[in-house]
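Input: a single structure, listed below in structure tokens.
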Amino acid sequence: MSKINLNTLRELKSSKARFFSVTLLLALAVFIFAGLKATTPDMNQTMRSEYDKTNLADAQLNNSLGFTGSEIESIQKNKNIKSVSKSFQTIAVTSNNKHAINIISNPEKLSKFTITKGREPKKDNEIILGEQLRGDYNIGQQIKIKHNDDLKQKQYKIVGFATSSVYMKKSNLGQTNLGDGQIDAFAGVKKATFTRSDPNILQVQFKNLSGDAYQDKYEYALRHKVSLLQSKLNDLSQQRRNELLSSVDDKINQAHAAQTALLKQKILTSNGATLQALNHKQADLKAQINQAEVQKDTINQLKYTVQSRGQFSVGYSDMGSDADRITGLSNTFPIFFFTVALMVSFTVMRRMVEEKRVEIGTLKALGYSNNKIASEYYLYASLTSVVGTIIGAGLGLFILPKVIFNSFAANYVLNDVHLTWQTTPILVSFALTLLSTVFAVFLAIRPLFAQQTTALMLPKAPTAAKKILLEHITWFWNKLSFSRKVTARNIFRYKGRMWMTILGVAGSTAMLITGFGMQQSLNKMIPTQYGEITHYQLLGVFNNNANNAADYGKMVRRDKNISDSKPAYFQNVTVAVPHIQDLQSVPMIVTNNDNLSTFIDLKSKNNKKISLKQDGITISSKLAKIQNLSFGGHFTIKDAQQNKHRVKIANITRNYTGHAIYMSQAYYKKIFKKEYSTNAYLIKLNNNQQAEQVSRRLNNVTSSITVINSDDTKETINSILRSLNRVVWVIVVVSAILAFIVLYTLTNINVSERIRELSTIKVLGFYPKEVLAYIYRETIILTFAGLVIGFISGIFVHAYLMTIITPENVLSVPGISWQIFGIAMLLIILFTGLVAILMKKKIDAVDMLEALKSVD
């Protein structure tokens with residue numbers, strides 16, 4: 001082994017603390033960078049594998065009556081359609097009223113089930129249940145459902161459990177007019193189990209769709225093809241309505257003709273028995289006419305709709321959004337993290353070379369070339385980079401994606417994440433670590449080689465004495481003790497050391513404040529939204545065209561558990577947002593200002609009360625933000641049939657969870673060109689515990705469409721926030737580790753550089769406590785200066801990262817409480833104390849005679 005390599009080993013052995021602290025610092029930065037960068041591709045690949053395995057359809061078509069053979073043939077002939085899969089679906093409620101289940105005929109070729117236990121149904125009375133119900137039922141058990149006209153059977157034998165890429169969530173799989181208003185699970189049966197002959201669901205694959213799920217190329221092309229197909233369906237639905245209405249009109253005309261004939265017979269007949277029979281026939285004909293008129297109302301409501309994956313697959317868009325948030329986080333958070341880590345490691349490596357100037361001079365005097373001498377330090381620096389990158393990338397690529405994916409997957413019926421090898425993050429990480437170590441060595445050693453060998457063999461001349469600012473304030477300076485004066489001079493004399501410590505502590509503090517602040521902001525969203533803004537518990541939606549529509553309002557007014565209600569019109573509309581793949585689903589509520597604040601407290605950013613205007617809508621703040629909209633601006637909304645309506649913004653209201661549009665009745669008439677008609681009630685309850693019972697009673701009214709429970713909305717948002725909280729905990733823990741390593745590394749440098757100085761004051765008779773205070777007085781002052789800067793920068797970093805990590809339909813609650821600053825400060829103080837304990841052993845072990853030996 002060469003002398004240089006032997007010297008490198010000695011250096012590694014003698015400076016283990018420095019080597020490990022720099023290596024860990026770099027490993028931590030690489031862990032965060034490489035891990036976050038790998039998480040999104042891993043998440044997307046996991047989901048794409050699921051979609052490929054089950055052959056998830058690109059779009060889903062549905063209508064209430066079913067598609068006729070000619071309609072299916074027409075759709076199959078569409079130039080954009082590659083394949084069509086027919087299926088039957090119906091919502092059923094279990095006999096014990098516990099679960100609402102979407103029962104589906106076994107898929108033909110698209111959106112297939114994945115059997116997780118048991119087998120597929122082979123008989124008409126067999127059923128497989130979604131994994132959502134696995135804890136409630138067992139294979140071999142019988143499950144009973146209430147009467148359903150679409151099904152031949154009321155009782156089924158459970159033969160297996162399955163997952164579906166259409167129903168990936170564990171709960172809240174959609175809304176229904178049965179049970180408490182929420183679909184709890186899906187189930188699969190044989191096609192022959194259904195009574196209807198025309199399939200009410202068509203799943204399609206499009207031609208010429210390039211790209212993969214969640215890629216812009218695929219998603220935007222899919223959105224365009226769905227829009228084109230909806231236009232085709234609008235034509236088909238219009239034809240179907242015309243045909244059905246013509247058929248009903250013929251029946252009505254025939255009934256009227258029969259009535260006319262009966263009247264003539266009644267005039268000509270005097271027989272009592274015959275008259276009585278004719279009266280019965282007349283009553284039957286009148287009932288047929290009334291029934292036909294009801295059918296016409298139903299037919300007029302018939303609509304064919306097409307939905308993309310993001311709309312019909314429950315969880316598809318959510319998982320894509322979750323992955324996008326991690327992408328945003330990976331593009332921002334590691335920058336702050338790497339800045340702190342690289343700054344410290346860069347400084348450490350430069351200081352290491354500067355400490356070895358005498359050794360470098362000696363080696364030059366012995367005849368070693370500059371390259372040979374430099375190779376020792378390049379090797380040392382390269383080892384820290386290589387080891388740090390290997391440790392950080394290894395843990396980051398294999399641990400962080402699993403932790404984050406499992407945090408989000410807790411809300412889904414999914415298997416473990418598929419880990420992929422990501423080369424680019426590793427190479428970028430390695431390049432950055434080399435920049436902070438090898439490049440630092442290069443910058444430090446190059447000026448030394450330019451000096452004379454004799455000069456290098458002498459210690460570096462001390463910095464010329466200069467008065468610091470405090471010395472010019474004589475009245476204050478003269479009151480300071482000797483030790484305080486020494487501390488002040490040491491702090492301001494060595495400005496590089498001062499700023500390194502301040503910025504290192506500031507960066508670590510900012511990361512801690514950001515992590516804890518993000519947790520607090522996420523946890524405040526639900527209480528703020530439902531404590532200050534949304535005051536109603538239920539939104540009951542009904543069919544206002546039904547014959548018995550008035551019964552719904554009567555039920556609302558009669559229910560003793562309802563303390564107050566307000567009629568409104570409710571409709572979900574969609575909004576396209578630039579640079580966001582998914583169409584944003586926005587609930588639109590049309591009502592008047594009477595008593596509105598009792599149910600929804602509309603307030604501006606400045607906390608001023610908002611009233612609904614007759615010349616524009618009131619829009620939620622997050623929707624306005626992502627659309628880059630302001631007062632007086634216009635944008636376009638679409639209904640379920642893709643009809644466009646351009647609306648004007650009159651007000652922007654605070655709203656933290658979900659988008660919302662509020663509209664006056666007058667503006668509704670102007671925009672939609674039709675009369676306002678109530679189809680919903682905002683409902684306040686005497687007791688929140690009665691929400692499920694009231695929902696079930698309202699859904700028992702035949703005109704009910706669904707009941708939206710605010711508790712379900714809260715749970716949906718809470719599930720997202722819980723996932724984000726787990727991710728934030730990773731940030732908090734890693735930030736805390738970073739803070740400790742930074743403090744340890746900086747303090748270690750400070751002590752190592754001043755061994756001779758500490759030995760001198762020990763020889764002069766300073767007590768051990770005074771020696772420690774000599775060092776730590778400076779550290780404490782600089783730490784508190786770093787805390788102040790960290791507090792300020794943490795506020796801005798937190799505000800920025802909250803815009804990255806929150807979903808498109810969630811607005812973060814602004815501000816950070818003083819408790820967060822207190823926690824961050826306590827942690828930094830704790831870490832400073834731990835470092836002091838570790839450094840005390842090093843200071844106590846200093847060999848004064850060795851340290852003070854002359855090097856002349």
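Note on naming: chains are A, B, ... as they come in the structure tokens, residues start from 1 per chain, ligands start from 1 in the order shown.
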Problem set entry | Polymer residues at most 7 Å from A:Tyr662, only C-alpha atoms, same-chain spacing of 4 or more positions, as a VMD selection string | chain A and resid 588 to 590 617 to 619
Problem set entry | All residues 10 Å or closer to A:Asn655, only C-alpha atoms, same chain fewer than 5 positions away omitted, as a PyMOL selection string | chain A and resi 525+528-530+532-534+601-605+619-623+660+809-813
Would you mind exporting N, CA and C atoms of the selected residues as a compact mmCIF listing (two decimals), in the first residue's frame?
# COMPACT_ATOMS: atom_id res chain seq x y z
N MET A 525 -58.23 22.00 8.76
CA MET A 525 -59.14 22.22 7.63
C MET A 525 -60.58 21.84 7.95
N THR A 528 -62.28 24.01 10.67
CA THR A 528 -62.53 25.37 10.16
C THR A 528 -63.69 25.37 9.17
N GLN A 529 -63.70 24.39 8.25
CA GLN A 529 -64.75 24.34 7.24
C GLN A 529 -66.12 24.11 7.86
N TYR A 530 -66.20 23.12 8.76
CA TYR A 530 -67.51 22.74 9.30
C TYR A 530 -67.82 23.42 10.64
N GLU A 532 -66.98 27.00 10.84
CA GLU A 532 -67.15 28.41 10.50
C GLU A 532 -67.91 28.66 9.21
N ILE A 533 -67.95 27.67 8.31
CA ILE A 533 -68.53 27.93 6.98
C ILE A 533 -69.77 27.08 6.73
N THR A 534 -69.61 25.76 6.72
CA THR A 534 -70.74 24.85 6.42
C THR A 534 -71.44 24.45 7.71
N ASP A 601 -72.13 29.95 5.54
CA ASP A 601 -71.64 31.29 5.88
C ASP A 601 -70.65 31.74 4.82
N LEU A 602 -71.16 32.46 3.84
CA LEU A 602 -70.31 32.94 2.75
C LEU A 602 -69.59 34.21 3.18
N LYS A 603 -68.25 34.13 3.20
CA LYS A 603 -67.44 35.28 3.60
C LYS A 603 -66.24 35.43 2.70
N SER A 604 -65.83 36.66 2.49
CA SER A 604 -64.69 36.95 1.64
C SER A 604 -63.39 36.69 2.38
N LYS A 605 -62.28 36.88 1.67
CA LYS A 605 -60.96 36.71 2.27
C LYS A 605 -60.77 37.64 3.46
N ILE A 619 -67.98 31.99 -6.15
CA ILE A 619 -67.12 30.84 -6.40
C ILE A 619 -66.19 30.62 -5.21
N SER A 620 -65.86 29.35 -4.91
CA SER A 620 -64.95 29.06 -3.80
C SER A 620 -63.53 29.50 -4.15
N SER A 621 -62.77 29.86 -3.14
CA SER A 621 -61.46 30.49 -3.34
C SER A 621 -60.45 29.58 -4.03
N LYS A 622 -60.44 28.26 -3.73
CA LYS A 622 -59.43 27.40 -4.35
C LYS A 622 -59.72 27.23 -5.85
N LEU A 623 -61.00 27.14 -6.22
CA LEU A 623 -61.33 27.03 -7.64
C LEU A 623 -60.92 28.31 -8.37
N ALA A 660 -66.88 24.83 -4.85
CA ALA A 660 -68.31 25.14 -4.73
C ALA A 660 -68.66 26.33 -5.61
N ASN A 809 -58.68 20.54 -4.88
CA ASN A 809 -59.96 21.04 -4.35
C ASN A 809 -59.90 21.34 -2.86
N VAL A 810 -58.70 21.46 -2.32
CA VAL A 810 -58.54 21.75 -0.88
C VAL A 810 -57.66 22.98 -0.73
N LEU A 811 -58.12 23.91 0.10
CA LEU A 811 -57.36 25.13 0.39
C LEU A 811 -56.79 25.03 1.80
N SER A 812 -55.50 25.28 1.93
CA SER A 812 -54.86 25.17 3.24
C SER A 812 -55.27 26.34 4.13
N VAL A 813 -55.40 26.05 5.41
CA VAL A 813 -55.71 27.09 6.38
C VAL A 813 -54.43 27.88 6.64
For this session: Would you list the contacts of stretch 68-77 of chain A as a list in words, taking every protein, DNA or RNA residue within 8 Å and counting only C-alpha atoms, but skipping same-chain residues closer than 2 positions in sequence?
Result: Gly66, Lys79, Ile81, Lys82, Ser83, Val84, Asp198, Pro199 and Leu236 of chain A
Exercise. If you run DSSP on the backbone, which residues of stretch 454-548 of chain A are helix (DSSP H, G or I), as an NGL selection string?
Worked result: :A and (454-456 or 469-472 or 474-477 or 482-493 or 495-533)
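Residues surrounding A:Ser171 within 9 Å are Gln132, Gln182, Ile183, Asp184, Ala185, Asn411, Tyr412 and Thr716 of chain A [only C-alpha atoms; sequence separation below 4 positions excluded].
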For this session: Find the residues near A:Ile837: any atom within 12 Å, counting only C-alpha atoms, skip ones fewer than 4 places away on the same chain, and give them as an MDAnalysis selection string.
Result: chainID A and resid 744 747:748 772 776 830:833 841:844
So that I have them on file, write out the residues from the current selection with all heavy atoms, as a compact mmCIF listing (two decimals), in the first residue's frame.
# COMPACT_ATOMS: atom_id res chain seq x y z
N TYR A 744 -24.38 18.85 15.15
CA TYR A 744 -23.22 18.05 15.56
C TYR A 744 -22.02 18.35 14.67
O TYR A 744 -20.90 18.56 15.15
CB TYR A 744 -23.57 16.56 15.49
CG TYR A 744 -22.39 15.66 15.81
CD1 TYR A 744 -22.06 15.39 17.15
CD2 TYR A 744 -21.59 15.13 14.81
CE1 TYR A 744 -20.98 14.58 17.46
CE2 TYR A 744 -20.51 14.32 15.10
CZ TYR A 744 -20.20 14.05 16.43
OH TYR A 744 -19.11 13.27 16.73
N THR A 747 -20.65 21.97 15.24
CA THR A 747 -19.97 22.08 16.54
C THR A 747 -18.66 21.31 16.53
O THR A 747 -17.65 21.76 17.08
CB THR A 747 -20.89 21.56 17.66
OG1 THR A 747 -22.15 22.22 17.59
CG2 THR A 747 -20.27 21.82 19.02
N ASN A 748 -18.66 20.15 15.89
CA ASN A 748 -17.44 19.35 15.78
C ASN A 748 -16.35 20.11 15.03
O ASN A 748 -15.16 20.09 15.41
CB ASN A 748 -17.75 18.03 15.09
CG ASN A 748 -16.58 17.07 15.11
OD1 ASN A 748 -15.94 16.88 16.15
ND2 ASN A 748 -16.28 16.47 13.98
N LEU A 772 -15.83 24.85 28.56
CA LEU A 772 -17.03 24.50 27.78
C LEU A 772 -17.85 25.74 27.44
O LEU A 772 -18.33 25.91 26.33
CB LEU A 772 -17.90 23.51 28.57
CG LEU A 772 -17.37 22.08 28.69
CD1 LEU A 772 -18.26 21.27 29.63
CD2 LEU A 772 -17.31 21.40 27.33
N TYR A 776 -19.41 27.03 24.00
CA TYR A 776 -20.86 26.92 23.84
C TYR A 776 -21.59 28.24 23.99
O TYR A 776 -22.73 28.35 23.56
CB TYR A 776 -21.41 25.86 24.80
CG TYR A 776 -21.10 24.48 24.31
CD1 TYR A 776 -20.19 23.67 24.95
CD2 TYR A 776 -21.68 24.01 23.14
CE1 TYR A 776 -19.88 22.42 24.47
CE2 TYR A 776 -21.38 22.76 22.65
CZ TYR A 776 -20.47 21.97 23.32
OH TYR A 776 -20.15 20.73 22.82
N LEU A 830 -32.78 21.00 22.46
CA LEU A 830 -32.49 19.63 22.89
C LEU A 830 -31.30 19.07 22.12
O LEU A 830 -30.39 18.48 22.71
CB LEU A 830 -33.73 18.76 22.68
CG LEU A 830 -33.56 17.25 22.94
CD1 LEU A 830 -33.22 17.00 24.40
CD2 LEU A 830 -34.81 16.48 22.54
N PHE A 831 -31.32 19.26 20.81
CA PHE A 831 -30.21 18.76 19.98
C PHE A 831 -28.90 19.46 20.34
O PHE A 831 -27.84 18.83 20.37
CB PHE A 831 -30.52 18.96 18.50
CG PHE A 831 -31.70 18.17 18.02
CD1 PHE A 831 -32.46 18.60 16.94
CD2 PHE A 831 -32.06 16.97 18.64
CE1 PHE A 831 -33.54 17.86 16.49
CE2 PHE A 831 -33.14 16.23 18.20
CZ PHE A 831 -33.89 16.68 17.13
N THR A 832 -28.99 20.76 20.61
CA THR A 832 -27.78 21.51 21.00
C THR A 832 -27.22 20.95 22.31
O THR A 832 -26.00 20.80 22.46
CB THR A 832 -28.11 23.00 21.16
OG1 THR A 832 -28.67 23.50 19.94
CG2 THR A 832 -26.86 23.81 21.48
N GLY A 833 -28.12 20.63 23.24
CA GLY A 833 -27.68 20.04 24.51
C GLY A 833 -27.04 18.68 24.33
O GLY A 833 -26.01 18.37 24.95
N LYS A 841 -16.91 15.27 26.01
CA LYS A 841 -15.94 14.19 26.09
C LYS A 841 -14.72 14.48 25.23
O LYS A 841 -13.58 14.21 25.62
CB LYS A 841 -16.59 12.87 25.65
CG LYS A 841 -17.71 12.39 26.56
CD LYS A 841 -18.29 11.08 26.06
CE LYS A 841 -19.40 10.59 26.97
NZ LYS A 841 -19.99 9.30 26.48
N LYS A 842 -14.95 15.06 24.07
CA LYS A 842 -13.84 15.37 23.16
C LYS A 842 -12.96 16.47 23.74
O LYS A 842 -11.72 16.40 23.66
CB LYS A 842 -14.40 15.80 21.80
CG LYS A 842 -13.32 16.08 20.76
CD LYS A 842 -13.93 16.31 19.39
CE LYS A 842 -12.83 16.53 18.35
NZ LYS A 842 -13.38 16.64 16.99
N ILE A 843 -13.60 17.48 24.33
CA ILE A 843 -12.83 18.60 24.91
C ILE A 843 -12.05 18.14 26.13
O ILE A 843 -10.89 18.50 26.33
CB ILE A 843 -13.78 19.76 25.25
CG1 ILE A 843 -14.38 20.34 23.95
CG2 ILE A 843 -13.04 20.85 26.03
CD1 ILE A 843 -15.47 21.35 24.18
N ASP A 844 -12.70 17.32 26.95
CA ASP A 844 -12.02 16.83 28.16
C ASP A 844 -10.83 15.95 27.81
O ASP A 844 -9.86 15.85 28.56
CB ASP A 844 -13.00 16.04 29.04
CG ASP A 844 -14.04 16.95 29.69
OD1 ASP A 844 -13.81 18.17 29.73
OD2 ASP A 844 -15.08 16.43 30.12
For this session: Extract, using only C-alpha atoms, all DNA, RNA and protein residues at most 7 Å from A:Leu329, discarding same-chain residues fewer than 3 positions from it, and format them as a list in words.
Result: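 Everything that qualifies: Arg325, Ile326, Thr332, Phe333, Ile804 and Ile805 of chain A.
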Exercise. Using the chain letters and numbers from this document, which residues of stretch 282-432 of chain A does DSSP assign to strand (DSSP E or B), as a list of chain:residue names?
Worked result: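 Written out, the strand (DSSP E or B) residues of stretch 282-432 of chain A are A:Thr305, A:Val306, A:Gln307, A:Ser308, A:Val314, A:Tyr412.
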Residues from last step as file, all heavy atoms, as a PDB file, in the first residue's frame:
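Wrote result.pdb, looks like this:
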ATOM      1  N   THR A 305     -75.145   9.253 -20.772  1.00  0.00           N
ATOM      2  CA  THR A 305     -73.917   9.940 -20.363  1.00  0.00           C
ATOM      3  C   THR A 305     -72.708   9.039 -20.583  1.00  0.00           C
ATOM      4  O   THR A 305     -72.810   7.809 -20.527  1.00  0.00           O
ATOM      5  CB  THR A 305     -73.972  10.355 -18.879  1.00  0.00           C
ATOM      6  OG1 THR A 305     -74.181   9.197 -18.069  1.00  0.00           O
ATOM      7  CG2 THR A 305     -75.075  11.354 -18.624  1.00  0.00           C
ATOM      8  N   VAL A 306     -71.582   9.682 -20.833  1.00  0.00           N
ATOM      9  CA  VAL A 306     -70.315   8.970 -20.962  1.00  0.00           C
ATOM     10  C   VAL A 306     -69.344   9.573 -19.957  1.00  0.00           C
ATOM     11  O   VAL A 306     -69.286  10.792 -19.786  1.00  0.00           O
ATOM     12  CB  VAL A 306     -69.759   9.046 -22.404  1.00  0.00           C
ATOM     13  CG1 VAL A 306     -69.583  10.495 -22.857  1.00  0.00           C
ATOM     14  CG2 VAL A 306     -68.426   8.314 -22.500  1.00  0.00           C
ATOM     15  N   GLN A 307     -68.611   8.707 -19.284  1.00  0.00           N
ATOM     16  CA  GLN A 307     -67.660   9.147 -18.275  1.00  0.00           C
ATOM     17  C   GLN A 307     -66.284   8.561 -18.576  1.00  0.00           C
ATOM     18  O   GLN A 307     -66.171   7.394 -18.957  1.00  0.00           O
ATOM     19  CB  GLN A 307     -68.108   8.695 -16.878  1.00  0.00           C
ATOM     20  CG  GLN A 307     -69.425   9.295 -16.420  1.00  0.00           C
ATOM     21  CD  GLN A 307     -69.863   8.697 -15.088  1.00  0.00           C
ATOM     22  OE1 GLN A 307     -69.930   7.484 -14.951  1.00  0.00           O
ATOM     23  NE2 GLN A 307     -70.166   9.545 -14.133  1.00  0.00           N
ATOM     24  N   SER A 308     -65.253   9.361 -18.381  1.00  0.00           N
ATOM     25  CA  SER A 308     -63.884   8.879 -18.537  1.00  0.00           C
ATOM     26  C   SER A 308     -63.479   8.109 -17.288  1.00  0.00           C
ATOM     27  O   SER A 308     -64.218   8.064 -16.290  1.00  0.00           O
ATOM     28  CB  SER A 308     -62.932  10.045 -18.766  1.00  0.00           C
ATOM     29  OG  SER A 308     -62.891  10.868 -17.610  1.00  0.00           O
ATOM     30  N   VAL A 314     -63.800   4.739  -9.284  1.00  0.00           N
ATOM     31  CA  VAL A 314     -63.688   5.371  -7.969  1.00  0.00           C
ATOM     32  C   VAL A 314     -62.273   5.165  -7.421  1.00  0.00           C
ATOM     33  O   VAL A 314     -61.891   4.054  -7.081  1.00  0.00           O
ATOM     34  CB  VAL A 314     -64.721   4.783  -6.980  1.00  0.00           C
ATOM     35  CG1 VAL A 314     -64.630   5.505  -5.644  1.00  0.00           C
ATOM     36  CG2 VAL A 314     -66.115   4.884  -7.563  1.00  0.00           C
ATOM     37  N   TYR A 412     -57.394   2.514   0.147  1.00  0.00           N
ATOM     38  CA  TYR A 412     -57.737   1.783  -1.070  1.00  0.00           C
ATOM     39  C   TYR A 412     -57.581   0.275  -0.864  1.00  0.00           C
ATOM     40  O   TYR A 412     -56.902  -0.168   0.063  1.00  0.00           O
ATOM     41  CB  TYR A 412     -56.832   2.211  -2.231  1.00  0.00           C
ATOM     42  CG  TYR A 412     -56.921   3.680  -2.562  1.00  0.00           C
ATOM     43  CD1 TYR A 412     -56.137   4.611  -1.892  1.00  0.00           C
ATOM     44  CD2 TYR A 412     -57.784   4.141  -3.540  1.00  0.00           C
ATOM     45  CE1 TYR A 412     -56.213   5.969  -2.184  1.00  0.00           C
ATOM     46  CE2 TYR A 412     -57.868   5.480  -3.852  1.00  0.00           C
ATOM     47  CZ  TYR A 412     -57.078   6.392  -3.167  1.00  0.00           C
ATOM     48  OH  TYR A 412     -57.170   7.723  -3.466  1.00  0.00           O
TER      49      TYR A 412
END
So which residues touch A:Leu434 within 10 Å, counting only C-alpha atoms, skipping near sequence neighbours fewer than 4 positions away, as a compact mmCIF listing (two decimals) with C-alpha atoms, in the first residue's frame?
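So around.txt came out as:
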# COMPACT_ATOMS: atom_id res chain seq x y z
CA LEU A 26 -25.32 13.45 2.34
CA LEU A 342 -24.59 20.56 0.77
CA PHE A 346 -19.04 21.77 1.42
CA TYR A 378 -10.18 13.50 -3.43
CA ALA A 381 -14.22 13.24 -0.43
CA SER A 382 -15.24 10.65 -3.01
CA LEU A 383 -15.74 8.02 -0.31
CA THR A 384 -18.17 10.28 1.55
CA SER A 385 -20.08 10.88 -1.69
CA VAL A 386 -20.16 7.25 -2.78
CA THR A 389 -25.24 8.13 -2.13
CA VAL A 428 -28.29 13.59 -9.98
CA SER A 429 -27.83 12.88 -6.26
CA PHE A 430 -24.31 11.56 -6.83
CA VAL A 438 -14.80 16.75 -4.32
CA PHE A 439 -15.39 20.21 -5.77
CA ALA A 440 -14.96 21.71 -2.30
CA VAL A 441 -11.60 19.92 -2.02
For this session: Grab the atom CA of A:Ser105 to atom CA of A:Gly179 distance for me, in Å with one decimal place.
Result: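 Calculated distance between atom CA of A:Ser105 and atom CA of A:Gly179 is 21.6 Å.
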Using only C-alpha atoms, tabulate the residues of stretch 478-563 of chain A lying at most 7 Å from any atom of stretch 794-797 of chain A, each with its closest atom pair and that distance in Å to one decimal, by chain and increasing residue number, as JSON lines.
{"residue": "A:Ala510", "atom": "CA", "partner": "A:Gly794", "partner_atom": "CA", "distance": 3.9}
{"residue": "A:Met511", "atom": "CA", "partner": "A:Gly794", "partner_atom": "CA", "distance": 6.6}
{"residue": "A:Ile513", "atom": "CA", "partner": "A:Gly794", "partner_atom": "CA", "distance": 5.5}
{"residue": "A:Thr514", "atom": "CA", "partner": "A:Gly794", "partner_atom": "CA", "distance": 5.7}
Grab the residues selected above and save them as a short mmCIF file (atom, residue, chain, number, x, y, z; two decimals), in the first residue's frame with C-alpha atoms.
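Generated output (out.cif):
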data_model
loop_
_atom_site.label_atom_id
_atom_site.label_comp_id
_atom_site.auth_asym_id
_atom_site.auth_seq_id
_atom_site.Cartn_x
_atom_site.Cartn_y
_atom_site.Cartn_z
CA ALA A 510 -37.23 26.10 8.78
CA MET A 511 -37.65 22.43 7.83
CA ILE A 513 -41.44 24.51 11.25
CA THR A 514 -42.54 23.53 7.76
#
